[in-house]
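So this one's data-v2.tsv, TSV, C-alpha atoms and all ligand atoms:
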chain	number	residue	atom	x	y	z
Y	1191	MET	CA	-26.54	30.02	-16.50
Y	1192	TYR	CA	-28.75	30.45	-13.44
Y	1193	GLU	CA	-26.29	32.47	-11.33
Y	1194	ASN	CA	-27.97	35.86	-11.96
Y	1195	TYR	CA	-31.40	34.47	-11.13
Y	1196	TYR	CA	-30.24	33.52	-7.60
Y	1197	GLY	CA	-27.97	36.56	-7.22
Y	1198	LEU	CA	-24.80	34.46	-7.28
Y	1199	THR	CA	-21.39	35.60	-8.42
Y	1200	SER	CA	-20.11	32.18	-9.50
Y	1201	LYS	CA	-21.25	28.60	-10.00
Y	1202	PRO	CA	-21.64	27.08	-6.54
Y	1203	PHE	CA	-21.53	23.37	-7.45
Y	1204	GLN	CA	-18.73	22.94	-9.98
Y	1205	LEU	CA	-17.29	19.44	-10.18
Y	1206	THR	CA	-13.66	20.56	-10.17
Y	1207	PRO	CA	-11.97	20.09	-6.80
Y	1208	ASP	CA	-11.50	23.81	-6.03
Y	1209	PRO	CA	-9.58	24.46	-2.78
Y	1210	SER	CA	-11.31	27.83	-2.31
Y	1211	PHE	CA	-14.61	25.95	-1.83
Y	1212	PHE	CA	-13.14	23.57	0.75
Y	1213	PHE	CA	-15.69	22.61	3.39
Y	1214	GLY	CA	-14.31	21.09	6.57
Y	1215	SER	CA	-16.70	18.30	7.55
Y	1216	LYS	CA	-15.72	16.11	10.51
Y	1217	TRP	CA	-13.99	13.55	8.25
Y	1218	HIS	CA	-12.49	16.10	5.91
Y	1219	LYS	CA	-10.99	17.98	8.84
Y	1220	ARG	CA	-9.72	14.74	10.25
Y	1221	ALA	CA	-8.16	13.65	6.97
Y	1222	MET	CA	-6.61	17.10	6.59
Y	1223	SER	CA	-5.11	16.82	10.07
Y	1224	TYR	CA	-3.68	13.41	9.19
Y	1225	LEU	CA	-2.08	14.84	6.08
Y	1226	GLN	CA	-0.68	17.78	8.03
Y	1227	TYR	CA	0.56	15.48	10.78
Y	1228	GLY	CA	2.15	13.33	8.12
Y	1229	LEU	CA	3.83	16.34	6.61
Y	1230	SER	CA	5.28	17.28	9.98
Y	1231	GLN	CA	6.69	13.75	10.34
Y	1232	ALA	CA	8.49	14.22	7.01
Y	1233	GLU	CA	8.74	10.49	6.41
Y	1234	GLY	CA	6.83	7.36	5.46
Y	1235	PHE	CA	3.45	7.05	3.85
Y	1236	ILE	CA	0.09	8.57	4.65
Y	1237	VAL	CA	-2.89	6.74	3.23
Y	1238	ILE	CA	-6.34	8.28	2.71
Y	1239	THR	CA	-9.08	6.07	1.37
Y	1240	GLY	CA	-12.70	6.86	0.55
Y	1241	ASP	CA	-15.48	6.14	-1.90
Y	1242	ILE	CA	-15.60	7.88	-5.29
Y	1243	GLY	CA	-16.60	11.50	-4.88
Y	1244	THR	CA	-16.05	11.76	-1.13
Y	1245	GLY	CA	-13.40	14.45	-1.57
Y	1246	LYS	CA	-9.94	12.82	-1.61
Y	1247	THR	CA	-8.62	14.90	-4.52
Y	1248	THR	CA	-10.19	18.05	-3.07
Y	1249	ILE	CA	-8.32	17.46	0.18
Y	1250	ALA	CA	-5.07	16.85	-1.67
Y	1251	ASN	CA	-5.52	20.06	-3.68
Y	1252	SER	CA	-6.32	22.06	-0.56
Y	1253	LEU	CA	-3.20	20.71	1.06
Y	1254	LEU	CA	-1.06	21.56	-1.96
Y	1255	ASN	CA	-2.63	25.00	-2.02
Y	1256	ASP	CA	-1.41	25.98	1.41
Y	1257	MET	CA	1.80	24.03	1.35
Y	1258	GLN	CA	4.86	25.55	3.03
Y	1259	GLU	CA	7.49	26.89	0.67
Y	1260	ASP	CA	10.13	24.41	1.77
Y	1261	ILE	CA	8.16	21.51	0.31
Y	1262	VAL	CA	8.39	20.65	-3.35
Y	1263	ALA	CA	5.34	18.58	-4.26
Y	1264	ALA	CA	4.52	16.44	-7.26
Y	1265	GLN	CA	1.18	14.81	-7.92
Y	1266	ILE	CA	0.51	11.74	-10.01
Y	1267	VAL	CA	-2.89	10.45	-11.03
Y	1268	THR	CA	-2.24	7.57	-13.32
Y	1269	PRO	CA	-3.84	4.21	-13.67
Y	1270	LYS	CA	-1.87	0.98	-13.67
Y	1271	LEU	CA	1.77	2.07	-13.85
Y	1272	THR	CA	4.48	-0.56	-13.97
Y	1273	PRO	CA	7.34	-0.03	-11.49
Y	1274	ASP	CA	9.58	1.32	-14.29
Y	1275	GLU	CA	6.87	3.68	-15.52
Y	1276	LEU	CA	6.36	4.91	-11.98
Y	1277	VAL	CA	10.05	5.76	-11.58
Y	1278	LYS	CA	9.96	7.64	-14.90
Y	1279	MET	CA	6.80	9.47	-13.99
Y	1280	VAL	CA	8.01	10.49	-10.54
Y	1281	ALA	CA	11.29	11.75	-12.01
Y	1282	SER	CA	9.61	13.75	-14.75
Y	1283	LYS	CA	7.12	15.25	-12.28
Y	1284	PHE	CA	10.13	16.57	-10.38
Y	1285	ASN	CA	11.61	17.79	-13.69
Y	1286	VAL	CA	14.40	15.23	-13.65
Y	1287	PRO	CA	15.13	14.39	-17.31
Y	1288	VAL	CA	14.19	10.85	-18.29
Y	1289	LYS	CA	14.50	10.79	-22.07
Y	1290	GLY	CA	17.05	8.26	-23.27
Y	1291	SER	CA	18.09	7.35	-19.72
Y	1292	THR	CA	18.11	3.86	-18.26
Y	1293	LYS	CA	16.19	3.17	-15.08
Y	1294	SER	CA	19.34	3.19	-12.97
Y	1295	ASP	CA	20.41	6.53	-14.52
Y	1296	ILE	CA	17.01	7.97	-13.68
Y	1297	LEU	CA	17.20	6.66	-10.12
Y	1298	ASN	CA	20.66	8.18	-9.70
Y	1299	ASP	CA	19.51	11.53	-11.09
Y	1300	LEU	CA	16.41	11.46	-8.92
Y	1301	GLU	CA	18.49	10.77	-5.82
Y	1302	ALA	CA	20.87	13.60	-6.78
Y	1303	PHE	CA	17.88	15.93	-7.22
Y	1304	LEU	CA	16.41	14.97	-3.84
Y	1305	MET	CA	19.83	15.36	-2.21
Y	1306	ASP	CA	20.12	18.80	-3.75
Y	1307	LEU	CA	16.75	19.81	-2.34
Y	1308	HIS	CA	17.81	18.52	1.03
Y	1309	LYS	CA	20.95	20.67	0.91
Y	1310	GLN	CA	18.78	23.71	0.16
Y	1311	GLY	CA	16.76	22.92	3.29
Y	1312	LYS	CA	13.79	21.73	1.23
Y	1313	ARG	CA	12.07	18.37	0.92
Y	1314	ALA	CA	10.00	16.48	-1.59
Y	1315	LEU	CA	6.47	15.22	-1.36
Y	1316	LEU	CA	4.80	12.83	-3.74
Y	1317	LEU	CA	1.01	12.68	-3.90
Y	1318	VAL	CA	-0.32	9.57	-5.60
Y	1319	ASP	CA	-4.02	9.89	-6.41
Y	1320	GLU	CA	-6.22	6.95	-7.47
Y	1321	ALA	CA	-3.59	4.69	-5.90
Y	1322	GLN	CA	-5.98	1.72	-5.93
Y	1323	ASN	CA	-4.98	1.30	-9.57
Y	1324	LEU	CA	-1.31	0.69	-8.82
Y	1325	PRO	CA	-0.17	-2.93	-9.04
Y	1326	LEU	CA	1.44	-4.37	-5.89
Y	1327	GLU	CA	4.93	-4.33	-7.39
Y	1328	THR	CA	4.54	-0.63	-8.24
Y	1329	ILE	CA	3.59	0.16	-4.65
Y	1330	GLU	CA	6.66	-1.82	-3.66
Y	1331	GLU	CA	8.74	0.37	-6.01
Y	1332	LEU	CA	7.28	3.39	-4.26
Y	1333	ARG	CA	8.58	1.97	-1.02
Y	1334	MET	CA	12.03	1.56	-2.60
Y	1335	LEU	CA	11.96	5.25	-3.53
Y	1336	SER	CA	11.44	6.10	0.12
Y	1337	ASN	CA	14.79	4.42	0.80
Y	1338	PHE	CA	16.71	7.45	-0.47
Y	1339	GLN	CA	18.00	8.99	2.73
Y	1340	ALA	CA	20.24	11.70	4.11
Y	1341	SER	CA	21.37	11.66	7.73
Y	1342	GLY	CA	18.92	8.87	8.48
Y	1343	LYS	CA	15.90	10.84	7.18
Y	1344	PRO	CA	14.07	9.84	3.98
Y	1345	LEU	CA	14.36	12.36	1.16
Y	1346	LEU	CA	10.94	11.63	-0.29
Y	1347	GLN	CA	7.64	11.35	1.49
Y	1348	SER	CA	4.50	9.99	-0.18
Y	1349	PHE	CA	0.77	10.35	0.29
Y	1350	LEU	CA	-1.48	7.72	-1.20
Y	1351	LEU	CA	-5.10	8.55	-1.97
Y	1352	GLY	CA	-7.37	5.84	-3.23
Y	1353	GLN	CA	-10.75	4.23	-3.35
Y	1354	GLU	CA	-11.68	1.48	-0.93
Y	1355	GLU	CA	-10.02	-1.16	-3.12
Y	1356	LEU	CA	-6.72	0.23	-1.89
Y	1357	GLN	CA	-7.32	-1.23	1.57
Y	1358	PRO	CA	-7.16	-4.94	0.63
Y	1359	ILE	CA	-4.12	-4.19	-1.56
Y	1360	LEU	CA	-2.27	-2.75	1.40
Y	1361	ARG	CA	-3.46	-5.60	3.61
Y	1362	ALA	CA	-1.90	-8.23	1.32
Y	1363	PRO	CA	0.55	-10.46	3.21
Y	1364	ASN	CA	3.52	-9.43	1.04
Y	1365	MET	CA	2.94	-5.72	1.77
Y	1366	GLU	CA	4.24	-6.00	5.33
Y	1367	GLN	CA	7.33	-3.87	4.64
Y	1368	PHE	CA	5.17	-1.18	3.08
Y	1369	ARG	CA	2.72	-1.28	6.00
Y	1370	GLN	CA	5.55	-0.66	8.43
Y	1371	ARG	CA	6.22	2.66	6.71
Y	1372	ILE	CA	2.64	3.95	7.00
Y	1373	VAL	CA	2.69	6.82	9.48
Y	1374	ALA	CA	-1.05	7.46	9.45
Y	1375	SER	CA	-4.10	6.35	7.55
Y	1376	CYS	CA	-7.65	7.59	7.43
Y	1377	HIS	CA	-10.88	6.68	5.69
Y	1378	LEU	CA	-13.04	9.48	4.32
Y	1379	ALA	CA	-16.72	8.89	5.08
Y	1380	PRO	CA	-19.55	10.77	3.33
Y	1381	LEU	CA	-21.21	13.76	5.02
Y	1382	THR	CA	-23.88	13.32	7.67
Y	1383	ASP	CA	-27.35	14.81	7.07
Y	1384	VAL	CA	-26.50	17.89	9.15
Y	1385	GLU	CA	-23.20	18.32	7.30
Y	1386	CYS	CA	-24.92	17.81	3.96
Y	1387	GLN	CA	-27.12	20.88	4.59
Y	1388	ALA	CA	-24.18	22.87	5.97
Y	1389	TYR	CA	-22.13	21.88	2.89
Y	1390	ILE	CA	-24.82	23.12	0.49
Y	1391	GLU	CA	-25.21	26.38	2.41
Y	1392	TYR	CA	-21.47	26.86	2.58
Y	1393	ARG	CA	-20.99	26.44	-1.17
Y	1394	MET	CA	-23.95	28.70	-1.92
Y	1395	GLN	CA	-22.63	31.42	0.38
Y	1396	HIS	CA	-19.18	31.07	-1.11
Y	1397	ALA	CA	-20.73	31.71	-4.52
Y	1398	GLY	CA	-22.34	34.94	-3.31
Y	1399	TRP	CA	-25.71	33.73	-1.95
Y	1400	ASP	CA	-27.27	36.23	0.47
Y	1401	GLY	CA	-28.53	33.47	2.78
Y	1402	LYS	CA	-32.26	34.07	2.11
Y	1403	ALA	CA	-34.21	30.81	2.66
Y	1404	LEU	CA	-34.16	28.93	-0.62
Y	1405	PHE	CA	-34.34	25.20	0.15
Y	1406	SER	CA	-37.05	23.78	2.39
Y	1407	ALA	CA	-36.14	21.38	5.23
Y	1408	GLY	CA	-37.79	18.56	3.28
Y	1409	ALA	CA	-35.68	19.42	0.23
Y	1410	TYR	CA	-32.49	19.06	2.27
Y	1411	ASP	CA	-33.74	15.68	3.58
Y	1412	LEU	CA	-34.43	14.40	0.09
Y	1413	ILE	CA	-31.07	15.58	-1.21
Y	1414	PHE	CA	-29.35	13.72	1.60
Y	1415	GLN	CA	-31.37	10.55	1.06
Y	1416	PHE	CA	-30.56	10.52	-2.62
Y	1417	THR	CA	-26.87	11.38	-2.44
Y	1418	HIS	CA	-26.01	9.59	0.84
Y	1419	GLY	CA	-23.92	12.63	1.66
Y	1420	VAL	CA	-21.33	12.04	-1.10
Y	1421	PRO	CA	-20.14	15.53	-2.09
Y	1422	ARG	CA	-19.79	14.80	-5.81
Y	1423	LYS	CA	-23.37	13.51	-5.96
Y	1424	ILE	CA	-24.59	16.48	-3.93
Y	1425	ASN	CA	-22.90	18.85	-6.39
Y	1426	THR	CA	-24.44	17.21	-9.42
Y	1427	LEU	CA	-27.91	17.02	-7.91
Y	1428	VAL	CA	-28.05	20.52	-6.40
Y	1429	ASP	CA	-26.69	22.04	-9.61
Y	1430	ARG	CA	-29.62	20.47	-11.42
Y	1431	ILE	CA	-32.10	21.58	-8.75
Y	1432	LEU	CA	-30.90	25.18	-9.14
Y	1433	LEU	CA	-31.25	24.89	-12.90
Y	1434	PHE	CA	-34.76	23.47	-12.50
Y	1435	GLY	CA	-35.75	26.32	-10.13
Y	1436	PHE	CA	-34.45	28.86	-12.62
Y	1437	LEU	CA	-36.27	27.30	-15.59
Y	1438	GLU	CA	-39.51	26.96	-13.60
Y	1439	GLU	CA	-39.02	30.43	-12.06
Y	1440	LEU	CA	-39.38	29.07	-8.51
Y	1441	GLU	CA	-38.78	31.28	-5.48
Y	1442	THR	CA	-38.15	28.44	-3.09
Y	1443	LEU	CA	-36.94	24.91	-3.74
Y	1444	ASP	CA	-39.10	22.38	-1.90
Y	1445	GLU	CA	-39.55	18.60	-1.86
Y	1446	GLU	CA	-41.63	18.68	-5.01
Y	1447	ALA	CA	-38.90	20.45	-6.98
Y	1448	VAL	CA	-36.24	18.09	-5.62
Y	1449	GLU	CA	-38.40	15.04	-6.39
Y	1450	ASN	CA	-38.83	16.21	-9.97
Y	1451	VAL	CA	-35.12	16.63	-10.46
Y	1452	ILE	CA	-34.33	13.30	-8.77
Y	1453	LYS	CA	-36.65	11.61	-11.21
Y	1454	GLU	CA	-34.84	13.25	-14.12
Y	1455	VAL	CA	-31.31	12.54	-12.98
Y	1456	SER	CA	-32.07	8.97	-11.85
Y	1457	GLU	CA	-32.92	8.22	-15.43
Y	1458	GLU	CA	-29.79	9.96	-16.64
Y	1459	MET	CA	-27.00	8.94	-14.33
Y	1460	PHE	CA	-26.91	7.64	-10.81
Y	1461	GLN	CA	-29.32	4.74	-10.88
Y	1462	PRO	CA	-28.35	1.75	-12.98
Y	1463	VAL	CA	-31.21	0.94	-15.32
Y	1464	LYS	CA	-32.96	-2.13	-13.97
Y	1465	GLN	CA	-33.22	-4.94	-16.49
Y	1466	ALA	CA	-36.70	-6.24	-17.02
Y	1467	GLN	CA	-35.70	-9.86	-16.71
Y	1468	THR	CA	-37.60	-12.95	-15.66
Y	1469	GLU	CA	-36.03	-16.07	-14.21
Y	1470	SER	CA	-37.44	-18.24	-16.95
Y	1471	GLN	CA	-35.81	-16.25	-19.72
Y	1472	PRO	CA	-32.48	-14.95	-18.43
Y	1473	LYS	CA	-30.69	-12.79	-20.93
Y	1474	GLY	CA	-26.99	-13.38	-21.41
Y	1475	ILE	CA	-24.56	-10.52	-21.72
Y	1476	LEU	CA	-23.95	-11.49	-25.31
Y	1477	ASP	CA	-27.56	-11.11	-26.34
Y	1478	GLY	CA	-26.74	-7.74	-27.82
Y	1479	PRO	CA	-26.93	-4.21	-26.51
Y	1480	THR	CA	-30.65	-3.79	-26.88
Y	1481	GLU	CA	-31.18	-2.10	-23.52
Y	1482	GLU	CA	-29.10	0.47	-21.70
Y	1483	GLY	CA	-28.65	-1.88	-18.75
Y	1484	GLN	CA	-27.14	-4.52	-20.98
Y	1485	VAL	CA	-24.75	-2.06	-22.57
Y	1486	LYS	CA	-23.53	-1.23	-19.07
Y	1487	ASP	CA	-23.16	-4.96	-18.30
Y	1488	VAL	CA	-21.12	-5.53	-21.42
Y	1489	GLU	CA	-18.87	-2.59	-20.50
Y	1490	TYR	CA	-18.49	-3.99	-17.01
Y	1491	TYR	CA	-17.46	-7.44	-18.24
Y	1492	LYS	CA	-15.14	-5.90	-20.82
Y	1493	THR	CA	-13.32	-3.97	-18.09
Y	1494	MET	CA	-13.16	-7.09	-15.96
Y	1495	LEU	CA	-11.71	-9.10	-18.83
Y	1496	THR	CA	-9.14	-6.39	-19.58
Y	1497	GLU	CA	-8.08	-6.46	-15.95
Y	1498	LEU	CA	-7.87	-10.24	-16.07
Y	1499	VAL	CA	-5.71	-10.09	-19.19
Y	1500	ASP	CA	-3.43	-7.55	-17.46
Y	1501	ALA	CA	-3.13	-9.79	-14.44
Y	1502	LEU	CA	-2.31	-12.82	-16.62
Y	1503	ASP	CA	0.26	-10.80	-18.57
Y	1504	ASN	CA	1.82	-9.85	-15.32
Y	1505	ALA	CA	1.89	-13.43	-14.07
Y	1506	ILE	CA	3.47	-14.59	-17.32
Y	1507	SER	CA	6.20	-11.96	-17.21
Y	1508	GLN	CA	6.95	-12.94	-13.60
Y	1509	LYS	CA	7.18	-16.59	-14.65
Y	1510	ILE	CA	9.57	-15.65	-17.48
Y	1511	LYS	CA	11.77	-13.74	-15.03
Y	1512	LEU	CA	11.79	-16.71	-12.68
Y	1513	THR	CA	12.65	-19.15	-15.49
Y	1514	ARG	CA	15.54	-16.91	-16.61
Y	1515	TYR	CA	16.79	-16.74	-13.06
Y	1516	ILE	CA	16.66	-20.52	-12.67
Y	1517	ASP	CA	18.44	-20.85	-16.03
Y	1518	ARG	CA	21.25	-18.60	-14.88
Y	1519	LEU	CA	21.48	-20.47	-11.59
Y	1520	LEU	CA	21.71	-23.81	-13.39
Y	1521	GLN	CA	24.40	-22.49	-15.75
Y	1522	LYS	CA	26.41	-21.24	-12.78
Y	1523	LYS	CA	26.04	-24.54	-10.97
Y	1524	TYR	CA	27.01	-26.39	-14.13
Y	1525	LYS	CA	30.17	-24.25	-14.53
Y	1526	THR	CA	31.13	-24.90	-10.90
Y	1527	TYR	CA	30.52	-28.57	-11.44
Y	1528	VAL	CA	32.72	-28.59	-14.57
Y	1529	ARG	CA	35.47	-26.67	-12.74
Y	1530	LEU	CA	35.41	-29.00	-9.75
Y	1531	LYS	CA	35.41	-31.99	-12.07
Y	1532	SER	CA	38.48	-30.70	-13.95
Y	1533	ASP	CA	40.22	-29.95	-10.58
Y	1534	ASP	CA	39.79	-33.60	-9.60
O	1601	LIG	N1	-14.57	19.01	1.67
O	1601	LIG	C1	-15.06	19.47	0.52
O	1601	LIG	N2	-15.32	20.77	0.34
O	1601	LIG	C2	-15.81	21.24	-0.82
O	1601	LIG	N3	-16.09	20.48	-1.88
O	1601	LIG	C3	-15.86	19.17	-1.77
O	1601	LIG	C4	-15.34	18.58	-0.58
O	1601	LIG	N4	-15.21	17.27	-0.77
O	1601	LIG	C5	-15.61	17.04	-2.03
O	1601	LIG	N5	-16.02	18.16	-2.63
O	1601	LIG	C6	-16.54	18.29	-4.00
O	1601	LIG	O1	-17.01	17.02	-4.39
O	1601	LIG	C7	-16.55	16.69	-5.68
O	1601	LIG	C8	-15.81	15.38	-5.67
O	1601	LIG	O2	-14.65	15.46	-4.89
O	1601	LIG	P1	-13.29	14.76	-5.29
O	1601	LIG	O3	-12.24	15.34	-4.40
O	1601	LIG	O4	-13.06	14.81	-6.74
O	1601	LIG	O5	-13.60	13.26	-4.83
O	1601	LIG	P2	-12.69	11.95	-4.93
O	1601	LIG	O6	-11.29	12.38	-5.28
O	1601	LIG	O7	-12.77	11.35	-3.57
O	1601	LIG	O8	-13.34	11.09	-5.96
O	1601	LIG	C9	-15.68	17.85	-6.14
O	1601	LIG	O9	-16.43	18.56	-7.05
O	1601	LIG	C10	-15.44	18.69	-4.94
O	1601	LIG	O10	-15.55	20.02	-5.27
O	1602	MG	MG	-10.22	11.89	-6.93

I need this file expressed as C-alpha cells, please.
Amino acid sequence: MYENYYGLTSKPFQLTPDPSFFFGSKWHKRAMSYLQYGLSQAEGFIVITGDIGTGKTTIANSLLNDMQEDIVAAQIVTPKLTPDELVKMVASKFNVPVKGSTKSDILNDLEAFLMDLHKQGKRALLLVDEAQNLPLETIEELRMLSNFQASGKPLLQSFLLGQEELQPILRAPNMEQFRQRIVASCHLAPLTDVECQAYIEYRMQHAGWDGKALFSAGAYDLIFQFTHGVPRKINTLVDRILLFGFLEELETLDEEAVENVIKEVSEEMFQPVKQAQTESQPKGILDGPTEEGQVKDVEYYKTMLTELVDALDNAISQKIKLTRYIDRLLQKKYKTYVRLKSDD
C-alpha cells in the first residue's frame, strides 16, 4: 500500500518467515551455527527455544532453504500429537503411506524408507516446530524413532523448536534418556537496541529502500522500548509506522509519529486491556464478557481448562493401561498357580 510512497519494491515487514529477509543477529547467527553443527553431527537432537516471535521458524526456514541436497527434510508444526499420531505424521511427511496401516506396519515402512535413503547416500531430518505442545510421551516416541540405525549411525535426526515452556518439559526427571541424545541446545534472545535498528534498516534496504534518513534516533529508541527487540513485534509496529507516515504524508518518522502509532496499536493488540477493578468489588470471570479484558480472561481460563481435561484424559488412559497390565499379570500368575497345583 505504502511501498511506492517510500520508493520500496516490496513490503519490508511481512509477518511470514521469509528466508530471503534473514537477518543474522548475534543470537540468530548462534542458533544457526548450532543447527548447522547439529546437521554435521548427523545424529541426536538439537533444541532451540525462544519466546514467541523471536525467530525460531524463520531460522528453521532459512536452514531448510540452503540445505544440502543429500538431506531429505520434513517439518511438522502440530499441537498436541499423541505418540501414534506423531508416527503417522512423520511417515506421511516423508511420503510413507499410512492409510489403513497399523502402527507397526508404518514403523516398518518408515524404517525401510530411511534405510533406502541411507543406501542412496542421503539422510533424513525432522524439524518439529512448536515442540512445547508435544506431550512427554510423544517426545519419548520421537526418541524411539531416533533408534533406527544403520552401521551404528541413526537414520533420522531431529530438531526441536519451541517456546520457553519446552525447557521444563525437557528437564523433567523421566526425560533423562532424551536429554542424553541432545547434541546442542540454544535459547534465542530478542534483539538488542543496536540490533533492533540494524534489523529495521536491513529489512528496509532489502525491500528496496535507498537508505535516505527516514527514522529519527528517538524513533528507533521508542520502537525498541515498545517491542523489547522481538522481531515479530518490530515487524507489526514498523509496518504500522510506515502506513501512518504514508497517510500523514510525513517525510521523516520521528518520536511523535512513533508515539501516535504506539498509542493506536496498544489499544488494538499488544497491551492487555487493564480491568478497572477495585478490591472491594472484585469481578469474577463468570460475570459476563462486558469488557474486553474479561473476554480475554474467559478465553484464558477456557484454554487452561481444556488443557486440564486433556491431562486428566491422559492420566485416565494411562491408569487403564496399567490396570489391564496388572489384570494380565494376575491371570498369568493364576494359570501358573493352577498348573503347579495340578502338578502336585
Ligand atoms: N533473524 C530474522 N531475520 C529476519 N526476520 C526475522 C528474523 N527473526 C524473526 N524475523 C521475523 O519475525 C517474525 C516472527 O518470526 P518467527 O520465526 O515466526 O518467530 P517464532 O517462530 O519464534 O515465533 C517473522 O515475520 C520473521 O520474518
Ligand atoms: Mg514459530

Contacts of ligand LIG 1601 (chain O), 9 Å or closer, only C-alpha atoms and all ligand atoms, given as a CSV table (one decimal) with C-alpha atoms, in the frame of the given file:
chain,number,residue,atom,x,y,z
Y,1203,PHE,CA,-21.5,23.4,-7.4
Y,1204,GLN,CA,-18.7,22.9,-10.0
Y,1205,LEU,CA,-17.3,19.4,-10.2
Y,1206,THR,CA,-13.7,20.6,-10.2
Y,1207,PRO,CA,-12.0,20.1,-6.8
Y,1208,ASP,CA,-11.5,23.8,-6.0
Y,1209,PRO,CA,-9.6,24.5,-2.8
Y,1210,SER,CA,-11.3,27.8,-2.3
Y,1211,PHE,CA,-14.6,26.0,-1.8
Y,1212,PHE,CA,-13.1,23.6,0.8
Y,1213,PHE,CA,-15.7,22.6,3.4
Y,1214,GLY,CA,-14.3,21.1,6.6
Y,1215,SER,CA,-16.7,18.3,7.6
Y,1217,TRP,CA,-14.0,13.6,8.2
Y,1218,HIS,CA,-12.5,16.1,5.9
Y,1219,LYS,CA,-11.0,18.0,8.8
Y,1239,THR,CA,-9.1,6.1,1.4
Y,1240,GLY,CA,-12.7,6.9,0.6
Y,1241,ASP,CA,-15.5,6.1,-1.9
Y,1242,ILE,CA,-15.6,7.9,-5.3
Y,1243,GLY,CA,-16.6,11.5,-4.9
Y,1244,THR,CA,-16.0,11.8,-1.1
Y,1245,GLY,CA,-13.4,14.4,-1.6
Y,1246,LYS,CA,-9.9,12.8,-1.6
Y,1247,THR,CA,-8.6,14.9,-4.5
Y,1248,THR,CA,-10.2,18.0,-3.1
Y,1249,ILE,CA,-8.3,17.5,0.2
Y,1250,ALA,CA,-5.1,16.8,-1.7
Y,1251,ASN,CA,-5.5,20.1,-3.7
Y,1319,ASP,CA,-4.0,9.9,-6.4
Y,1320,GLU,CA,-6.2,7.0,-7.5
Y,1351,LEU,CA,-5.1,8.6,-2.0
Y,1352,GLY,CA,-7.4,5.8,-3.2
Y,1353,GLN,CA,-10.8,4.2,-3.4
Y,1378,LEU,CA,-13.0,9.5,4.3
Y,1380,PRO,CA,-19.6,10.8,3.3
Y,1389,TYR,CA,-22.1,21.9,2.9
Y,1392,TYR,CA,-21.5,26.9,2.6
Y,1393,ARG,CA,-21.0,26.4,-1.2
Y,1420,VAL,CA,-21.3,12.0,-1.1
Y,1421,PRO,CA,-20.1,15.5,-2.1
Y,1422,ARG,CA,-19.8,14.8,-5.8
Y,1423,LYS,CA,-23.4,13.5,-6.0
Y,1424,ILE,CA,-24.6,16.5,-3.9
Y,1425,ASN,CA,-22.9,18.8,-6.4
Y,1426,THR,CA,-24.4,17.2,-9.4

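Residue nearest Gln1231 (chain Y), chosen from Y:Gly1419, Y:Gly1408, Y:Gln1387, Y:Ile1372 and counting all atoms listed in the file: Y:Ile1372.
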
Pick from Y:Glu1354, Y:Glu1391, Y:Glu1438, Y:Glu1366: nearest to Ala1379 (chain Y), with only C-alpha atoms counted?
Y:Glu1354

Nearest candidate to Lys1312 (chain Y) (options Y:Asp1400, Y:Asp1533, Y:Asp1260, Y:Asp1429; using only C-alpha atoms):
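Answer, going by the shortest atom-to-atom distance: Y:Asp1260.
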
So how far away is CA of Leu1427 (chain Y) from CA of Glu1355 (chain Y), in Å?
26.0 Å

Just to confirm, what's the straight-line distance from CA of Leu1356 (chain Y) to CA of Ile1296 (chain Y) in Å (one decimal)?
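Taking CA of Leu1356 (chain Y) and CA of Ile1296 (chain Y), their separation equals 27.6 Å.
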
Just want the 10 Å neighbourhood of region 1332-1338 of chain Y, counted on only C-alpha atoms, with same-chain residues fewer than 4 positions away dropped. Output as an MDAnalysis selection string.
chainID Y and resid 1233:1235 1273 1276:1277 1280 1297 1300:1302 1304:1305 1316 1318 1326:1328 1342:1348 1365 1367:1369 1371

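The space between CA of Glu1385 (chain Y) and CA of Phe1414 (chain Y) spans 9.6 Å.
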
Rank nothing, just name the residue among Y:Leu1350, Y:Val1262, Y:Ile1413, Y:Ile1236 nearest to ligand MG 1602 (chain O), using all atoms listed in the file.
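Among Y:Leu1350, Y:Val1262, Y:Ile1413, Y:Ile1236, it is Y:Leu1350 that comes nearest to ligand MG 1602 (chain O).
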
Out of Y:Thr1417, Y:Glu1445, Y:Phe1303, Y:Leu1440, which residue has the shortest atom-to-atom distance to Pro1287 (chain Y) when counting all atoms listed in the file?
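For Pro1287 (chain Y), the nearest of the given residues is Y:Phe1303.
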
Can you work out which one of Y:Met1279, Y:Met1257, Y:Ile1390, Y:Val1384 has the shortest atom-to-atom distance to Pro1202 (chain Y), counting all atoms listed in the file?
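Nearest candidate to Pro1202 (chain Y) out of Y:Met1279, Y:Met1257, Y:Ile1390, Y:Val1384: Y:Ile1390.
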